[in-house]
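Pasting coords17.tsv here (TSV, C-alpha atoms and all ligand atoms):
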chain	number	residue	atom	x	y	z
A	1	MET	CA	41.65	-8.17	-15.16
A	2	ASP	CA	40.18	-6.71	-11.93
A	3	SER	CA	38.20	-8.94	-9.58
A	4	ILE	CA	34.43	-8.45	-9.19
A	5	ASP	CA	35.13	-6.63	-5.87
A	6	ALA	CA	37.08	-3.95	-7.68
A	7	PHE	CA	34.19	-3.47	-10.13
A	8	LEU	CA	31.63	-3.43	-7.31
A	9	ASN	CA	33.65	-0.77	-5.49
A	10	ARG	CA	33.06	1.53	-8.43
A	11	LEU	CA	29.27	1.33	-8.05
A	12	PRO	CA	27.67	4.57	-6.84
A	13	VAL	CA	27.98	4.94	-3.05
A	14	ARG	CA	24.25	5.71	-3.07
A	15	LEU	CA	23.52	2.15	-4.23
A	16	ARG	CA	26.08	0.40	-2.06
A	17	SER	CA	24.95	2.13	1.14
A	18	MET	CA	21.18	1.72	0.70
A	19	HIS	CA	19.03	-1.12	2.02
A	20	GLY	CA	16.50	-2.92	-0.14
A	21	TYR	CA	12.81	-3.26	0.74
A	22	VAL	CA	11.95	-6.38	2.76
A	23	PRO	CA	8.49	-7.65	1.79
A	24	GLY	CA	6.38	-9.82	4.10
A	25	LEU	CA	7.35	-13.49	3.86
A	26	GLN	CA	5.79	-15.06	0.73
A	27	LYS	CA	5.24	-18.82	1.09
A	28	ASN	CA	3.31	-21.03	-1.28
A	29	ASP	CA	2.52	-23.77	1.24
A	30	THR	CA	-1.27	-24.15	0.86
A	31	GLU	CA	-1.67	-25.02	4.54
A	32	ILE	CA	-0.42	-21.59	5.55
A	33	ILE	CA	-2.91	-18.93	6.58
A	34	LYS	CA	-1.26	-15.91	5.05
A	35	LEU	CA	-2.22	-12.67	6.78
A	36	ASN	CA	1.06	-10.77	6.45
A	37	SER	CA	0.88	-8.83	3.17
A	38	ASN	CA	-2.64	-7.34	3.17
A	39	GLU	CA	-3.65	-9.39	0.16
A	40	ASN	CA	-7.33	-10.03	-0.50
A	41	PRO	CA	-8.33	-13.55	0.62
A	42	TYR	CA	-10.90	-13.98	-2.17
A	43	PRO	CA	-10.19	-14.76	-5.85
A	44	PRO	CA	-10.89	-11.98	-8.39
A	45	SER	CA	-14.28	-11.60	-10.08
A	46	ASP	CA	-15.45	-14.15	-12.68
A	47	ALA	CA	-15.29	-11.35	-15.26
A	48	VAL	CA	-11.52	-11.16	-14.68
A	49	LEU	CA	-11.07	-14.92	-14.97
A	50	LYS	CA	-13.11	-14.91	-18.19
A	51	ALA	CA	-10.96	-12.13	-19.67
A	52	LEU	CA	-7.80	-14.06	-18.83
A	53	GLY	CA	-9.36	-17.20	-20.31
A	54	SER	CA	-9.76	-15.43	-23.65
A	55	LEU	CA	-6.04	-14.62	-23.50
A	56	ALA	CA	-5.16	-18.25	-22.82
A	57	SER	CA	-7.36	-19.45	-25.70
A	58	GLY	CA	-5.26	-17.45	-28.14
A	59	ALA	CA	-8.01	-14.92	-28.96
A	60	MET	CA	-5.56	-12.11	-28.08
A	61	PRO	CA	-2.16	-11.96	-29.79
A	62	LEU	CA	0.57	-12.59	-27.22
A	63	GLN	CA	3.25	-12.26	-29.89
A	64	LYS	CA	2.33	-8.59	-30.27
A	65	TYR	CA	3.23	-5.80	-27.83
A	66	PRO	CA	0.38	-4.63	-25.58
A	67	PRO	CA	-1.13	-1.12	-25.86
A	68	PRO	CA	1.83	1.05	-24.72
A	69	ARG	CA	-0.11	3.58	-22.66
A	70	SER	CA	-2.68	1.11	-21.26
A	71	SER	CA	-5.11	3.59	-22.81
A	72	GLY	CA	-8.26	1.48	-22.34
A	73	LEU	CA	-7.50	1.05	-18.65
A	74	ARG	CA	-6.64	4.72	-18.23
A	75	SER	CA	-10.01	5.76	-19.72
A	76	ALA	CA	-11.89	3.24	-17.58
A	77	LEU	CA	-10.26	4.60	-14.42
A	78	GLU	CA	-10.91	8.21	-15.47
A	79	SER	CA	-14.61	7.39	-15.93
A	80	ARG	CA	-14.82	5.47	-12.68
A	81	TYR	CA	-13.39	8.42	-10.70
A	82	SER	CA	-15.01	11.19	-12.83
A	83	LEU	CA	-11.61	12.58	-13.79
A	84	PRO	CA	-10.84	14.58	-16.95
A	85	PRO	CA	-9.14	12.72	-19.83
A	86	GLY	CA	-5.38	12.46	-19.38
A	87	SER	CA	-5.51	12.35	-15.56
A	88	VAL	CA	-4.44	8.72	-15.10
A	89	LEU	CA	-1.14	6.88	-15.57
A	90	CYS	CA	-0.89	3.12	-14.96
A	91	GLY	CA	2.04	1.21	-13.51
A	92	ASN	CA	3.34	-2.30	-12.93
A	93	GLY	CA	1.93	-2.23	-9.41
A	94	SER	CA	1.63	1.04	-7.53
A	95	ASP	CA	5.23	0.45	-6.44
A	96	GLU	CA	6.30	1.31	-10.01
A	97	VAL	CA	4.15	4.44	-9.95
A	98	LEU	CA	5.78	5.44	-6.66
A	99	ALA	CA	9.25	4.88	-8.13
A	100	LEU	CA	8.29	7.07	-11.10
A	101	LEU	CA	7.22	9.85	-8.74
A	102	PHE	CA	10.49	9.76	-6.81
A	103	ARG	CA	12.40	9.92	-10.11
A	104	SER	CA	10.33	12.68	-11.67
A	105	LEU	CA	9.25	15.11	-8.92
A	106	MET	CA	12.66	15.64	-7.34
A	107	ASP	CA	16.31	16.19	-8.19
A	108	PRO	CA	19.12	14.43	-6.29
A	109	GLY	CA	19.76	16.44	-3.14
A	110	ASP	CA	16.08	17.47	-2.74
A	111	SER	CA	14.04	16.24	0.21
A	112	PHE	CA	10.55	14.92	0.90
A	113	VAL	CA	8.56	14.61	4.12
A	114	MET	CA	6.50	11.65	5.38
A	115	PRO	CA	4.94	10.59	8.66
A	116	ASP	CA	6.66	7.85	10.65
A	117	PRO	CA	5.44	5.16	10.46
A	118	THR	CA	4.06	4.90	6.95
A	119	TYR	CA	4.74	2.61	3.95
A	120	SER	CA	8.39	1.69	4.40
A	121	LEU	CA	9.15	1.65	0.66
A	122	TYR	CA	9.18	5.49	0.37
A	123	PRO	CA	12.64	6.11	1.95
A	124	ILE	CA	14.11	3.26	-0.10
A	125	LEU	CA	12.86	4.80	-3.35
A	126	ALA	CA	14.28	8.12	-2.15
A	127	ASP	CA	17.71	6.59	-1.41
A	128	ALA	CA	17.75	5.12	-4.91
A	129	VAL	CA	17.59	8.59	-6.47
A	130	GLY	CA	19.63	10.52	-3.90
A	131	VAL	CA	16.64	12.25	-2.32
A	132	GLN	CA	16.65	12.92	1.43
A	133	SER	CA	13.84	11.42	3.56
A	134	ILE	CA	12.50	13.48	6.46
A	135	ALA	CA	10.33	11.46	8.84
A	136	VAL	CA	7.91	13.23	11.21
A	137	PRO	CA	6.84	10.91	14.07
A	138	VAL	CA	3.11	10.37	14.57
A	139	ASP	CA	1.55	11.42	17.90
A	140	GLU	CA	1.03	9.22	20.98
A	141	ALA	CA	-2.19	7.75	19.52
A	142	LEU	CA	-0.32	7.05	16.22
A	143	HIS	CA	-2.21	9.80	14.35
A	144	ILE	CA	-0.39	11.89	11.75
A	145	ARG	CA	0.71	15.36	12.92
A	146	PHE	CA	-0.28	17.48	9.93
A	147	ASP	CA	1.02	20.79	11.34
A	148	ALA	CA	4.40	19.22	12.02
A	149	LEU	CA	4.57	17.75	8.50
A	150	LEU	CA	3.90	21.15	6.97
A	151	THR	CA	6.30	23.01	9.29
A	152	GLU	CA	9.07	20.54	8.58
A	153	ALA	CA	8.48	20.56	4.81
A	154	ASN	CA	8.53	24.37	4.70
A	155	ALA	CA	11.59	24.64	6.94
A	156	ARG	CA	13.58	22.22	4.77
A	157	GLY	CA	12.27	23.47	1.42
A	158	SER	CA	10.97	19.95	0.64
A	159	LYS	CA	9.38	19.28	-2.74
A	160	MET	CA	6.90	16.61	-1.70
A	161	ILE	CA	4.85	15.35	1.24
A	162	ILE	CA	3.70	11.74	0.96
A	163	MET	CA	1.63	9.44	3.16
A	164	ALA	CA	-0.52	6.35	2.87
A	165	MET	CA	-4.20	7.18	3.52
A	166	PRO	CA	-5.46	5.09	5.30
A	167	ASN	CA	-1.98	4.99	6.78
A	168	ALA	CA	0.07	1.79	6.98
A	169	PRO	CA	0.57	-0.06	9.22
A	170	THR	CA	-1.89	1.76	11.50
A	171	GLY	CA	-4.98	1.58	9.23
A	172	LEU	CA	-6.03	5.03	10.48
A	173	TYR	CA	-7.87	7.43	8.16
A	174	GLU	CA	-7.22	11.01	9.25
A	175	SER	CA	-9.74	13.87	9.16
A	176	THR	CA	-10.50	15.05	5.63
A	177	GLU	CA	-10.36	18.69	6.81
A	178	GLN	CA	-6.77	18.24	7.97
A	179	ILE	CA	-5.81	16.56	4.70
A	180	GLU	CA	-7.44	19.35	2.67
A	181	THR	CA	-5.72	22.06	4.70
A	182	LEU	CA	-2.36	20.40	4.14
A	183	ILE	CA	-2.89	20.16	0.38
A	184	ARG	CA	-4.00	23.82	0.17
A	185	SER	CA	-1.21	25.12	2.40
A	186	PHE	CA	1.77	23.32	0.91
A	187	ALA	CA	3.50	24.87	-2.10
A	188	GLY	CA	4.77	21.47	-3.29
A	189	TRP	CA	3.33	18.09	-4.30
A	190	VAL	CA	1.12	16.20	-1.89
A	191	VAL	CA	0.91	12.47	-2.61
A	192	LEU	CA	-1.85	10.37	-1.02
A	193	ASP	CA	-1.20	6.66	-1.41
A	194	GLU	CA	-4.75	5.28	-1.39
A	195	ALA	CA	-3.87	1.58	-1.66
A	196	TYR	CA	-6.41	0.84	1.10
A	197	ALA	CA	-8.99	3.59	0.43
A	198	PRO	CA	-11.60	1.20	-1.04
A	199	PHE	CA	-11.99	-0.17	2.51
A	200	ALA	CA	-12.40	3.36	3.98
A	201	GLU	CA	-15.28	5.83	3.89
A	202	ASN	CA	-13.30	8.54	2.09
A	203	SER	CA	-11.04	9.01	-0.92
A	204	PHE	CA	-9.45	12.00	-2.66
A	205	MET	CA	-8.96	10.17	-5.97
A	206	HIS	CA	-11.69	12.11	-7.82
A	207	ARG	CA	-10.18	15.43	-6.68
A	208	ALA	CA	-6.57	14.84	-7.79
A	209	GLY	CA	-5.47	17.54	-10.25
A	210	THR	CA	-8.98	19.03	-10.43
A	211	ASP	CA	-9.83	20.53	-7.02
A	212	PHE	CA	-6.11	20.62	-6.18
A	213	PRO	CA	-3.43	21.04	-8.90
A	214	ASN	CA	-0.71	19.75	-6.55
A	215	LEU	CA	-2.52	16.59	-5.39
A	216	ILE	CA	-1.45	13.17	-6.70
A	217	CYS	CA	-3.43	10.09	-5.64
A	218	ILE	CA	-2.15	6.56	-6.09
A	219	SER	CA	-3.98	3.26	-5.85
A	220	THR	CA	-3.67	-0.38	-6.76
A	221	PHE	CA	-5.56	-3.43	-8.00
A	222	SER	CA	-3.57	-5.54	-5.50
A	223	LYS	CA	-5.86	-5.08	-2.51
A	224	ALA	CA	-9.50	-4.27	-3.27
A	225	TRP	CA	-9.57	-6.08	-6.64
A	226	SER	CA	-7.74	-9.27	-5.56
A	227	LEU	CA	-5.07	-8.85	-8.25
A	228	ALA	CA	-1.78	-8.63	-6.30
A	229	GLY	CA	-0.31	-11.33	-8.54
A	230	MET	CA	-1.00	-9.28	-11.68
A	231	ARG	CA	0.90	-6.12	-10.58
A	232	ILE	CA	-1.31	-3.18	-11.58
A	233	GLY	CA	-1.41	0.25	-9.98
A	234	TRP	CA	-2.22	3.79	-11.08
A	235	MET	CA	-1.94	7.44	-10.22
A	236	ALA	CA	-4.36	10.31	-10.81
A	237	ALA	CA	-3.05	13.86	-11.15
A	238	HIS	CA	-3.31	16.99	-13.30
A	239	PRO	CA	-3.09	15.93	-17.00
A	240	GLU	CA	-0.08	18.19	-17.58
A	241	LEU	CA	1.85	16.52	-14.77
A	242	VAL	CA	0.83	13.07	-16.08
A	243	GLN	CA	2.24	14.03	-19.50
A	244	GLN	CA	5.60	14.91	-17.93
A	245	ILE	CA	5.85	11.72	-15.86
A	246	ASP	CA	4.84	9.60	-18.87
A	247	LYS	CA	8.21	10.49	-20.44
A	248	LEU	CA	9.99	8.39	-17.80
A	249	ARG	CA	7.68	5.37	-17.96
A	250	ASP	CA	8.81	2.17	-19.70
A	251	SER	CA	6.97	2.03	-23.05
A	252	TYR	CA	5.18	-1.27	-22.38
A	253	ASN	CA	5.10	-1.28	-18.60
A	254	LEU	CA	1.83	-3.23	-18.27
A	255	SER	CA	1.49	-6.67	-19.86
A	256	ARG	CA	-1.51	-7.44	-22.03
A	257	ALA	CA	-2.75	-9.85	-19.35
A	258	ALA	CA	-2.55	-7.15	-16.68
A	259	GLN	CA	-4.42	-4.62	-18.82
A	260	MET	CA	-7.19	-7.09	-19.69
A	261	ALA	CA	-7.59	-8.25	-16.10
A	262	ALA	CA	-7.74	-4.71	-14.75
A	263	GLU	CA	-10.22	-3.51	-17.38
A	264	ALA	CA	-12.52	-6.44	-16.59
A	265	ALA	CA	-12.11	-5.83	-12.86
A	266	ILE	CA	-12.92	-2.12	-12.95
A	267	ALA	CA	-16.06	-2.80	-15.00
A	268	ASP	CA	-17.42	-5.17	-12.35
A	269	ILE	CA	-18.33	-2.61	-9.69
A	270	ALA	CA	-20.82	-4.93	-7.99
A	271	TRP	CA	-18.09	-7.51	-7.30
A	272	GLN	CA	-15.78	-4.89	-5.78
A	273	GLU	CA	-18.50	-3.41	-3.57
A	274	GLU	CA	-19.54	-6.81	-2.28
A	275	ASN	CA	-15.92	-7.77	-1.67
A	276	ALA	CA	-15.28	-4.59	0.36
A	277	ARG	CA	-18.45	-5.24	2.36
A	278	ARG	CA	-17.30	-8.75	3.27
A	279	ILE	CA	-13.81	-7.56	4.23
A	280	LYS	CA	-15.25	-4.78	6.42
A	281	GLU	CA	-17.60	-7.24	8.10
A	282	SER	CA	-14.68	-9.57	8.95
A	283	ARG	CA	-12.63	-6.57	10.09
A	284	GLU	CA	-15.36	-5.53	12.58
A	285	TRP	CA	-15.58	-9.12	13.84
A	286	LEU	CA	-11.81	-9.40	14.31
A	287	GLN	CA	-11.61	-6.05	16.12
A	288	LYS	CA	-14.39	-7.12	18.47
A	289	GLU	CA	-12.75	-10.47	19.21
A	290	LEU	CA	-9.30	-8.95	19.76
A	291	SER	CA	-10.79	-6.36	22.14
A	292	ARG	CA	-12.46	-9.22	24.05
A	293	LEU	CA	-9.01	-10.82	24.42
A	294	GLY	CA	-7.59	-7.58	25.88
A	295	PHE	CA	-6.04	-6.05	22.73
A	296	GLU	CA	-6.41	-2.36	21.97
A	297	CYS	CA	-7.32	-2.03	18.29
A	298	LEU	CA	-6.77	1.13	16.28
A	299	GLN	CA	-9.92	2.07	14.33
A	300	SER	CA	-9.03	0.46	10.99
A	301	SER	CA	-10.18	1.86	7.64
A	302	ALA	CA	-8.10	-0.71	5.73
A	303	ASN	CA	-8.06	-4.47	5.07
A	304	PHE	CA	-5.94	-5.11	8.15
A	305	VAL	CA	-6.08	-4.47	11.88
A	306	PHE	CA	-3.27	-2.95	13.93
A	307	ALA	CA	-3.69	-3.99	17.55
A	308	ARG	CA	-1.72	-3.40	20.75
A	309	VAL	CA	-1.13	-6.63	22.67
A	310	PRO	CA	-2.81	-6.93	26.10
A	311	SER	CA	0.38	-6.35	28.14
A	312	GLY	CA	1.65	-3.56	25.88
A	313	ASP	CA	4.99	-5.39	26.02
A	314	PRO	CA	6.89	-5.80	22.72
A	315	ASN	CA	8.12	-9.21	23.95
A	316	GLN	CA	4.54	-10.42	24.14
A	317	ALA	CA	3.87	-9.11	20.62
A	318	ARG	CA	6.91	-10.94	19.27
A	319	SER	CA	5.99	-14.14	21.15
A	320	ILE	CA	2.44	-14.14	19.76
A	321	PHE	CA	3.82	-13.56	16.27
A	322	GLU	CA	6.20	-16.53	16.68
A	323	PHE	CA	3.54	-18.76	18.29
A	324	LEU	CA	1.20	-18.16	15.35
A	325	GLU	CA	4.00	-18.72	12.86
A	326	GLU	CA	4.56	-22.17	14.35
A	327	LYS	CA	0.89	-22.84	13.76
A	328	LYS	CA	1.37	-21.76	10.13
A	329	ILE	CA	-0.48	-18.49	10.62
A	330	LEU	CA	1.59	-15.60	9.25
A	331	ILE	CA	0.94	-12.08	10.56
A	332	ARG	CA	3.26	-9.06	10.79
A	333	TYR	CA	5.38	-7.75	13.66
A	334	PHE	CA	7.29	-4.45	13.28
A	335	SER	CA	10.21	-4.14	15.69
A	336	ALA	CA	10.67	-0.32	15.58
A	337	PRO	CA	10.09	1.15	19.08
A	338	ARG	CA	6.74	2.89	18.33
A	339	THR	CA	5.19	-0.12	16.62
A	340	ALA	CA	6.76	-2.97	18.63
A	341	PRO	CA	3.82	-3.41	21.07
A	342	TYR	CA	1.48	-3.95	18.10
A	343	LEU	CA	0.65	-6.74	15.67
A	344	ARG	CA	-0.74	-6.25	12.16
A	345	ILE	CA	-3.22	-8.83	10.94
A	346	SER	CA	-4.53	-8.77	7.36
A	347	ILE	CA	-8.24	-9.48	6.98
A	348	GLY	CA	-8.86	-12.97	5.64
A	349	THR	CA	-11.94	-15.16	5.28
A	350	PRO	CA	-14.19	-15.68	8.35
A	351	ASP	CA	-12.56	-19.12	8.87
A	352	GLN	CA	-9.08	-17.61	8.78
A	353	MET	CA	-10.12	-14.91	11.24
A	354	ALA	CA	-11.54	-17.54	13.58
A	355	ALA	CA	-8.25	-19.50	13.36
A	356	VAL	CA	-6.15	-16.47	14.27
A	357	VAL	CA	-8.39	-15.63	17.23
A	358	ARG	CA	-8.25	-19.27	18.43
A	359	GLY	CA	-4.45	-19.21	18.16
A	360	ILE	CA	-4.11	-15.99	20.16
A	361	ASP	CA	-6.61	-17.22	22.76
A	362	GLU	CA	-4.56	-20.40	23.15
A	363	PHE	CA	-1.34	-18.38	23.57
A	364	LEU	CA	-2.88	-16.12	26.22
A	365	LYS	CA	-4.39	-19.04	28.17
A	366	ALA	CA	-1.07	-20.94	28.13
A	367	ALA	CA	0.77	-17.78	29.30
A	368	LYS	CA	-1.76	-17.34	32.14
A	369	SER	CA	-1.43	-20.93	33.31
A	370	ARG	CA	2.36	-20.49	33.51
A	371	LEU	CA	1.97	-17.60	36.01
B	401	LIG	C1	0.53	1.76	1.33
B	401	LIG	C2	0.92	0.87	0.20
B	401	LIG	N1	1.12	1.39	-1.01
B	401	LIG	C3	1.47	0.63	-2.06
B	401	LIG	C4	1.63	-0.73	-1.93
B	401	LIG	C5	2.09	-1.53	-3.11
B	401	LIG	O1	1.07	-1.99	-3.87
B	401	LIG	P1	1.29	-2.70	-5.30
B	401	LIG	O2	1.02	-4.13	-5.09
B	401	LIG	O3	0.32	-2.02	-6.19
B	401	LIG	O4	2.71	-2.42	-5.73
B	401	LIG	C6	1.43	-1.33	-0.69
B	401	LIG	C7	1.60	-2.80	-0.55
B	401	LIG	O5	1.42	-3.42	0.44
B	401	LIG	C8	1.06	-0.51	0.40
B	401	LIG	O6	0.89	-1.04	1.62

Spell out the structure here as structure tokens.
Amino acid sequence: MDSIDAFLNRLPVRLRSMHGYVPGLQKNDTEIIKLNSNENPYPPSDAVLKALGSLASGAMPLQKYPPPRSSGLRSALESRYSLPPGSVLCGNGSDEVLALLFRSLMDPGDSFVMPDPTYSLYPILADAVGVQSIAVPVDEALHIRFDALLTEANARGSKMIIMAMPNAPTGLYESTEQIETLIRSFAGWVVLDEAYAPFAENSFMHRAGTDFPNLICISTFSKAWSLAGMRIGWMAAHPELVQQIDKLRDSYNLSRAAQMAAEAAIADIAWQEENARRIKESREWLQKELSRLGFECLQSSANFVFARVPSGDPNQARSIFEFLEEKKILIRYFSAPRTAPYLRISIGTPDQMAAVVRGIDEFLKAAKSRL
């Protein structure tokens, strides 16, 4: 019988040559201040905990399959965003929804266009289905170049343009006029990944499939609803497109627990609004403090701040990242040339924000005394 190597050699080249996604470090040490995955620092609303309690008490039958289409959650999201019935599809995290889009909107050999940087999962999902990724660098100020995206997509005959809005890891929300012009001008699908939109002033969710037949908006319960551990995301699009994509979805892709938690969460609007207010307040505080320490902060519309270190030197950014890691404060450093002078810090509680500022202050003072 052949060895495992011989069997592995017969795997598709596409799989063997691709890299997997590397998530931010996940550690369960309770002493750690975890600001590296843009999670929400607060627990979910009491309504969510109560709904999950009813599951634990046996009031809901765990031995039975959950509703296959997550229909209650779909309707709740359609009402919340004033979308026509049939506009929403739910996924096991928005990552699953993204994977479904890469599988359903394109054939192997097709291409899609994205800004660089943006969410680094997109090219990995493309590799998995043999779709070519075309990255269009952002401008000097890290803003998306909409004209260049469109020119490139048209020149290559691409089927889809995708971006996170607010973008990641910059946190920048681009002008709504530019976004609208892109959607109107492109004869393919435009996907706006709105994972962080609840912390911004704008969203296109309510316009997906209605104002624009080619617009698909994606979002998640992981960030603004404090449910990253539950894995719930969704997309909004024209009902006829949703019907097509539904054919590829796993029949029971959301657990009963996930559906109950999300339905309770979406009903508690007051909790979500108050949570976003607190996060934005801490974000303004952190930006002010980092500016005082000599950082240059991009104007964040998300639950994280992307800030250029005082010297603009990538070595300083890496050293601050490592210094904080030793103090059990996890943030994110991206080594690609355009992003290497920056650090990304997720918004935590006021105490966590104070700890990160104290840590950076200590690093900068120690560096100064060594001069
Ligand atoms: C832009 C963006 N989209 C999607 C996701 C994934 O979210 P989910 O937890 O719903 O899979 C993330 C996670 O960090 C993200 O940054």

For stretch 9-17 of chain A, what centre and edge lengths in Å (one decimal) does the axis-aligned box get once 6 Å is added on each side of all its listed atoms, as lines of an AutoDock Vina configuration file?
center_x = 28.6
center_y = 2.5
center_z = -3.6
size_x = 22.1
size_y = 18.5
size_z = 21.6

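Between atom N1 of ligand LIG 401 (chain B) and atom CA of A:Asp95 the interatomic distance comes to 6.9 Å.
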
Within-10 Å residues of ligand LIG 401 (chain B), basis only C-alpha atoms and all ligand atoms, as a CSV table (one decimal) with C-alpha atoms, keeping the file's coordinate frame:
chain,number,residue,atom,x,y,z
A,23,PRO,CA,8.5,-7.6,1.8
A,24,GLY,CA,6.4,-9.8,4.1
A,36,ASN,CA,1.1,-10.8,6.4
A,37,SER,CA,0.9,-8.8,3.2
A,38,ASN,CA,-2.6,-7.3,3.2
A,39,GLU,CA,-3.6,-9.4,0.2
A,91,GLY,CA,2.0,1.2,-13.5
A,92,ASN,CA,3.3,-2.3,-12.9
A,93,GLY,CA,1.9,-2.2,-9.4
A,94,SER,CA,1.6,1.0,-7.5
A,95,ASP,CA,5.2,0.4,-6.4
A,96,GLU,CA,6.3,1.3,-10.0
A,97,VAL,CA,4.2,4.4,-10.0
A,98,LEU,CA,5.8,5.4,-6.7
A,118,THR,CA,4.1,4.9,7.0
A,119,TYR,CA,4.7,2.6,4.0
A,120,SER,CA,8.4,1.7,4.4
A,121,LEU,CA,9.2,1.6,0.7
A,122,TYR,CA,9.2,5.5,0.4
A,163,MET,CA,1.6,9.4,3.2
A,164,ALA,CA,-0.5,6.4,2.9
A,165,MET,CA,-4.2,7.2,3.5
A,166,PRO,CA,-5.5,5.1,5.3
A,167,ASN,CA,-2.0,5.0,6.8
A,168,ALA,CA,0.1,1.8,7.0
A,169,PRO,CA,0.6,-0.1,9.2
A,171,GLY,CA,-5.0,1.6,9.2
A,192,LEU,CA,-1.8,10.4,-1.0
A,193,ASP,CA,-1.2,6.7,-1.4
A,194,GLU,CA,-4.8,5.3,-1.4
A,195,ALA,CA,-3.9,1.6,-1.7
A,196,TYR,CA,-6.4,0.8,1.1
A,197,ALA,CA,-9.0,3.6,0.4
A,218,ILE,CA,-2.2,6.6,-6.1
A,219,SER,CA,-4.0,3.3,-5.8
A,220,THR,CA,-3.7,-0.4,-6.8
A,221,PHE,CA,-5.6,-3.4,-8.0
A,222,SER,CA,-3.6,-5.5,-5.5
A,223,LYS,CA,-5.9,-5.1,-2.5
A,227,LEU,CA,-5.1,-8.8,-8.2
A,228,ALA,CA,-1.8,-8.6,-6.3
A,229,GLY,CA,-0.3,-11.3,-8.5
A,230,MET,CA,-1.0,-9.3,-11.7
A,231,ARG,CA,0.9,-6.1,-10.6
A,232,ILE,CA,-1.3,-3.2,-11.6
A,233,GLY,CA,-1.4,0.2,-10.0
A,234,TRP,CA,-2.2,3.8,-11.1
A,302,ALA,CA,-8.1,-0.7,5.7

With a distance cut-off of 12 Å and all atoms listed in the file, select the neighbouring residues of A:Leu286, excluding the residue or stretch itself and same-chain residues fewer than 2 positions from it, and output the selection as a ChimeraX atom specification. /A:279-284,288-293,295-300,303-307,344-358,360

When you look at A:Asp46 with a cut-off of 12 Å (counting only C-alpha atoms), what residues show up, excluding the ones that are within fewer than 2 positions of it in the same chain? I need them as a PDB file with C-alpha atoms, in the frame of the given file.
ATOM      1  CA  TYR A  42     -10.900 -13.980  -2.170  1.00  0.00           C
ATOM      2  CA  PRO A  43     -10.190 -14.760  -5.850  1.00  0.00           C
ATOM      3  CA  PRO A  44     -10.890 -11.980  -8.390  1.00  0.00           C
ATOM      4  CA  VAL A  48     -11.520 -11.160 -14.680  1.00  0.00           C
ATOM      5  CA  LEU A  49     -11.070 -14.920 -14.970  1.00  0.00           C
ATOM      6  CA  LYS A  50     -13.110 -14.910 -18.190  1.00  0.00           C
ATOM      7  CA  ALA A  51     -10.960 -12.130 -19.670  1.00  0.00           C
ATOM      8  CA  LEU A  52      -7.800 -14.060 -18.830  1.00  0.00           C
ATOM      9  CA  GLY A  53      -9.360 -17.200 -20.310  1.00  0.00           C
ATOM     10  CA  TRP A 225      -9.570  -6.080  -6.640  1.00  0.00           C
ATOM     11  CA  SER A 226      -7.740  -9.270  -5.560  1.00  0.00           C
ATOM     12  CA  ALA A 261      -7.590  -8.250 -16.100  1.00  0.00           C
ATOM     13  CA  ALA A 264     -12.520  -6.440 -16.590  1.00  0.00           C
ATOM     14  CA  ALA A 265     -12.110  -5.830 -12.860  1.00  0.00           C
ATOM     15  CA  ALA A 267     -16.060  -2.800 -15.000  1.00  0.00           C
ATOM     16  CA  ASP A 268     -17.420  -5.170 -12.350  1.00  0.00           C
ATOM     17  CA  ALA A 270     -20.820  -4.930  -7.990  1.00  0.00           C
ATOM     18  CA  TRP A 271     -18.090  -7.510  -7.300  1.00  0.00           C
ATOM     19  CA  GLN A 272     -15.780  -4.890  -5.780  1.00  0.00           C
TER      20      GLN A 272
END

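You can rank A:Ser54, A:Ser70, A:Ser175, A:Asn202 by their closest distance to A:Asp250 using all atoms listed in the file, and at the top of that list sits A:Ser70.
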
Please identify all polymer residues within 10 Å of A:Pro85, counting all atoms listed in the file, omitting same-chain residues fewer than 4 positions from it, and present them as a PyMOL selection string. chain A and resi 74-75+77-79+238-239

Env of A:Asn214: 10 Å cut, atoms = all atoms listed in the file, seq-sep filter 3 positions within chain, self excluded. Answer as a CSV table (one decimal) with C-alpha atoms, in the coordinates of the input.
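selection28.csv, written as the output of this step:
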chain,number,residue,atom,x,y,z
A,160,MET,CA,6.9,16.6,-1.7
A,183,ILE,CA,-2.9,20.2,0.4
A,184,ARG,CA,-4.0,23.8,0.2
A,186,PHE,CA,1.8,23.3,0.9
A,187,ALA,CA,3.5,24.9,-2.1
A,188,GLY,CA,4.8,21.5,-3.3
A,189,TRP,CA,3.3,18.1,-4.3
A,190,VAL,CA,1.1,16.2,-1.9
A,191,VAL,CA,0.9,12.5,-2.6
A,208,ALA,CA,-6.6,14.8,-7.8
A,209,GLY,CA,-5.5,17.5,-10.2
A,210,THR,CA,-9.0,19.0,-10.4
A,211,ASP,CA,-9.8,20.5,-7.0
A,237,ALA,CA,-3.0,13.9,-11.2
A,238,HIS,CA,-3.3,17.0,-13.3
A,241,LEU,CA,1.8,16.5,-14.8
